[in-house]
Each structure stands twice: as structure tokens, then as C-alpha cells.
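Undergrad: This is the content of model.pdb (PDB, C-alpha atoms):
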MODEL        1
ATOM      1  CA  MET A   1      -2.902 -44.799 -98.373  1.00  0.00           C
ATOM      2  CA  ALA A   2       0.733 -45.975 -98.345  1.00  0.00           C
ATOM      3  CA  ASP A   3       3.120 -45.180 -95.521  1.00  0.00           C
ATOM      4  CA  LYS A   4       5.648 -42.506 -96.526  1.00  0.00           C
ATOM      5  CA  LEU A   5       9.350 -43.243 -96.125  1.00  0.00           C
ATOM      6  CA  LEU A   6      12.010 -40.535 -96.440  1.00  0.00           C
ATOM      7  CA  ILE A   7      15.392 -41.879 -97.516  1.00  0.00           C
ATOM      8  CA  ALA A   8      18.054 -39.239 -96.867  1.00  0.00           C
ATOM      9  CA  ASP A   9      21.466 -40.244 -98.175  1.00  0.00           C
ATOM     10  CA  ASP A  10      23.979 -38.658-100.554  1.00  0.00           C
ATOM     11  CA  GLU A  11      24.875 -41.991-102.204  1.00  0.00           C
ATOM     12  CA  PRO A  12      22.481 -42.501-105.151  1.00  0.00           C
ATOM     13  CA  ASP A  13      23.111 -46.258-105.325  1.00  0.00           C
ATOM     14  CA  ILE A  14      22.140 -46.703-101.677  1.00  0.00           C
ATOM     15  CA  VAL A  15      19.017 -44.581-102.111  1.00  0.00           C
ATOM     16  CA  ASP A  16      18.005 -46.470-105.262  1.00  0.00           C
ATOM     17  CA  THR A  17      18.472 -49.874-103.620  1.00  0.00           C
ATOM     18  CA  LEU A  18      16.530 -48.915-100.499  1.00  0.00           C
ATOM     19  CA  ALA A  19      13.821 -47.187-102.542  1.00  0.00           C
ATOM     20  CA  ARG A  20      13.257 -50.266-104.724  1.00  0.00           C
ATOM     21  CA  CYS A  21      13.126 -52.522-101.685  1.00  0.00           C
ATOM     22  CA  PHE A  22      10.620 -50.412 -99.744  1.00  0.00           C
ATOM     23  CA  ALA A  23       8.532 -49.418-102.788  1.00  0.00           C
ATOM     24  CA  SER A  24       8.035 -53.117-103.563  1.00  0.00           C
ATOM     25  CA  ARG A  25       6.527 -53.408-100.079  1.00  0.00           C
ATOM     26  CA  GLY A  26       4.069 -50.615-100.715  1.00  0.00           C
ATOM     27  CA  TYR A  27       5.843 -47.566 -99.258  1.00  0.00           C
ATOM     28  CA  GLU A  28       5.614 -44.154-100.884  1.00  0.00           C
ATOM     29  CA  ILE A  29       9.244 -43.068-101.254  1.00  0.00           C
ATOM     30  CA  MET A  30      10.559 -39.575-100.614  1.00  0.00           C
ATOM     31  CA  ARG A  31      14.240 -38.785-101.266  1.00  0.00           C
ATOM     32  CA  ALA A  32      16.798 -36.262-100.065  1.00  0.00           C
ATOM     33  CA  SER A  33      20.478 -36.117-101.000  1.00  0.00           C
ATOM     34  CA  ARG A  34      21.481 -33.196 -98.759  1.00  0.00           C
ATOM     35  CA  GLY A  35      20.830 -32.329 -95.133  1.00  0.00           C
ATOM     36  CA  GLU A  36      18.810 -29.159 -95.740  1.00  0.00           C
ATOM     37  CA  GLU A  37      16.660 -31.035 -98.222  1.00  0.00           C
ATOM     38  CA  ALA A  38      16.040 -33.779 -95.645  1.00  0.00           C
ATOM     39  CA  VAL A  39      14.845 -31.197 -93.109  1.00  0.00           C
ATOM     40  CA  ARG A  40      12.447 -29.720 -95.690  1.00  0.00           C
ATOM     41  CA  GLN A  41      11.155 -33.161 -96.714  1.00  0.00           C
ATOM     42  CA  ALA A  42      10.578 -34.059 -93.060  1.00  0.00           C
ATOM     43  CA  GLY A  43       8.079 -31.203 -93.020  1.00  0.00           C
ATOM     44  CA  ARG A  44       5.920 -33.314 -95.349  1.00  0.00           C
ATOM     45  CA  ALA A  45       5.389 -35.725 -92.419  1.00  0.00           C
ATOM     46  CA  PRO A  46       6.850 -39.027 -93.556  1.00  0.00           C
ATOM     47  CA  ASP A  47       6.029 -42.002 -91.339  1.00  0.00           C
ATOM     48  CA  LEU A  48       9.694 -43.012 -91.070  1.00  0.00           C
ATOM     49  CA  ILE A  49      13.086 -41.537 -92.003  1.00  0.00           C
ATOM     50  CA  LEU A  50      16.201 -43.483 -92.967  1.00  0.00           C
ATOM     51  CA  LEU A  51      18.925 -40.893 -92.365  1.00  0.00           C
ATOM     52  CA  ASP A  52      22.594 -41.075 -93.331  1.00  0.00           C
ATOM     53  CA  VAL A  53      24.960 -39.637 -90.730  1.00  0.00           C
ATOM     54  CA  ASN A  54      27.444 -38.308 -93.327  1.00  0.00           C
ATOM     55  CA  MET A  55      25.530 -35.881 -95.542  1.00  0.00           C
ATOM     56  CA  PRO A  56      26.574 -32.704 -97.363  1.00  0.00           C
ATOM     57  CA  ASP A  57      25.749 -29.252 -95.917  1.00  0.00           C
ATOM     58  CA  LEU A  58      24.157 -30.611 -92.691  1.00  0.00           C
ATOM     59  CA  ASP A  59      25.223 -33.949 -91.280  1.00  0.00           C
ATOM     60  CA  GLY A  60      22.594 -36.465 -90.231  1.00  0.00           C
ATOM     61  CA  LEU A  61      22.994 -35.652 -86.537  1.00  0.00           C
ATOM     62  CA  GLU A  62      22.155 -31.982 -87.168  1.00  0.00           C
ATOM     63  CA  VAL A  63      19.266 -32.986 -89.424  1.00  0.00           C
ATOM     64  CA  CYS A  64      17.931 -35.165 -86.616  1.00  0.00           C
ATOM     65  CA  ARG A  65      18.292 -32.310 -84.097  1.00  0.00           C
ATOM     66  CA  ARG A  66      16.394 -29.908 -86.352  1.00  0.00           C
ATOM     67  CA  ILE A  67      13.605 -32.385 -86.960  1.00  0.00           C
ATOM     68  CA  ARG A  68      13.280 -33.013 -83.213  1.00  0.00           C
ATOM     69  CA  MET A  69      13.349 -29.266 -82.461  1.00  0.00           C
ATOM     70  CA  SER A  70      10.219 -28.941 -84.574  1.00  0.00           C
ATOM     71  CA  ASN A  71       8.531 -31.279 -82.045  1.00  0.00           C
ATOM     72  CA  SER A  72       8.320 -34.021 -84.630  1.00  0.00           C
ATOM     73  CA  GLN A  73       7.876 -37.564 -83.370  1.00  0.00           C
ATOM     74  CA  ILE A  74       8.736 -39.163 -86.723  1.00  0.00           C
ATOM     75  CA  GLY A  75      10.715 -42.381 -86.309  1.00  0.00           C
ATOM     76  CA  ILE A  76      14.319 -41.952 -87.460  1.00  0.00           C
ATOM     77  CA  ILE A  77      16.741 -44.768 -88.214  1.00  0.00           C
ATOM     78  CA  MET A  78      20.315 -43.562 -88.609  1.00  0.00           C
ATOM     79  CA  LEU A  79      22.448 -45.096 -91.365  1.00  0.00           C
ATOM     80  CA  THR A  80      26.205 -44.945 -90.947  1.00  0.00           C
ATOM     81  CA  ALA A  81      29.417 -46.436 -92.208  1.00  0.00           C
ATOM     82  CA  ARG A  82      31.198 -45.272 -89.068  1.00  0.00           C
ATOM     83  CA  ALA A  83      32.715 -48.225 -87.276  1.00  0.00           C
ATOM     84  CA  GLN A  84      34.414 -46.732 -84.225  1.00  0.00           C
ATOM     85  CA  GLU A  85      32.791 -47.330 -80.833  1.00  0.00           C
ATOM     86  CA  MET A  86      33.048 -43.582 -80.064  1.00  0.00           C
ATOM     87  CA  ASP A  87      30.889 -42.799 -83.127  1.00  0.00           C
TER      88      ASP A  87
ENDMDL
END
Let me see the file written as C-alpha cells.

TA:
Amino acid sequence: MADKLLIADDEPDIVDTLARCFASRGYEIMRASRGEEAVRQAGRAPDLILLDVNMPDLDGLEVCRRIRMSNSQIGIIMLTARAQEMD
């Protein structure tokens, strides 16, 4: 059975590029374009989440908090275009 990867980003081009790349390596791809949707999809127990920080309705930081509050140990890699050291 393939590892499941959740790609949560509101930019369709980014999601499509990442999905093609990881699908070609055998991953089952799950997608979310909004924060609430990402939280729901995380309930399907992906093996890894690629999570955009700037998402509509819930930002990626809040999505991460909610996933962690559910005692989930899913690996999360944050994606961001923020460039300031404070971010």
C-alpha cells in the first residue's frame, strides 16, 4: 500500500506540481485548498503533510495546532513564502 501524502495549499499550480512529483514516486495524494479542509483530511491519517502557512479560513499554523491537539503524530512540513526572520 502506498504512503499517503496530504498537500494543503491554496495555490493550485503548487499543489499540481507537488502532486505530480510525489505521485510519480508512488505516493497516494490527498489535497486540501483551505485550512478547515486540511484538518478534515488529516483525520484520514496521511503519513505526511505538506502544509502552506498562508491558507484561507485557517492559516497553516492553526491547522497544525488543531492536528496536534488531536494527539496526531503525523509528520508536518510547513511550506511558506515568508522571508522575514521573525516569521

Undergrad: Can you work out which one of A:Ala32, A:Cys21, A:Val39, A:Leu48 has the shortest atom-to-atom distance to Leu61 (chain A), counting only C-alpha atoms?

TA: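 Answer, going by the shortest atom-to-atom distance: A:Val39.
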
Undergrad: Which residues would end up in the selection if the PyMOL selection byres ((chain A and resi 38) around 10) were applied here, given that I need the answer as a PyMOL selection string?

TA: chain A and resi 6-9+30-37+39-43+49+51+55+58+60+63-64+67

Undergrad: Taking all atoms listed in the file into account, name the residue in A:Met69, A:Ile74, A:Ala23, A:Leu50 that is nearest to Ala2 (chain A).

TA: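 Nearest to Ala2 (chain A): A:Ala23.
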
Undergrad: Could you work out how far CA of Val15 (chain A) lies from CA of Asn71 (chain A), giving the answer in Å with one decimal?

TA: 26.3 Å

Undergrad: I'd like the interatomic distance between CA of Ile29 (chain A) and CA of Asp59 (chain A), to a tenth of an Å.

TA: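 Going from CA of Ile29 (chain A) over to CA of Asp59 (chain A) covers 20.9 Å.
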
Undergrad: Quick check, in Å to one decimal: how far apart do CA of Gly75 (chain A) and CA of Ala19 (chain A) lie?

TA: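 CA of Ala19 (chain A) lies at a distance of 17.2 Å from CA of Gly75 (chain A).
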
Undergrad: Check what the PyMOL selection byres ((chain A and resi 3) around 7) selects in the file above and give those residues as a list in words.

TA: Met1, Ala2, Lys4, Leu5, Tyr27, Glu28 and Asp47 of chain A

Undergrad: Which residue is closest to Glu11 (chain A)? Choose from A:Pro56, A:Met78, A:Glu62, A:Ser72 and count all atoms listed in the file.

TA: A:Pro56
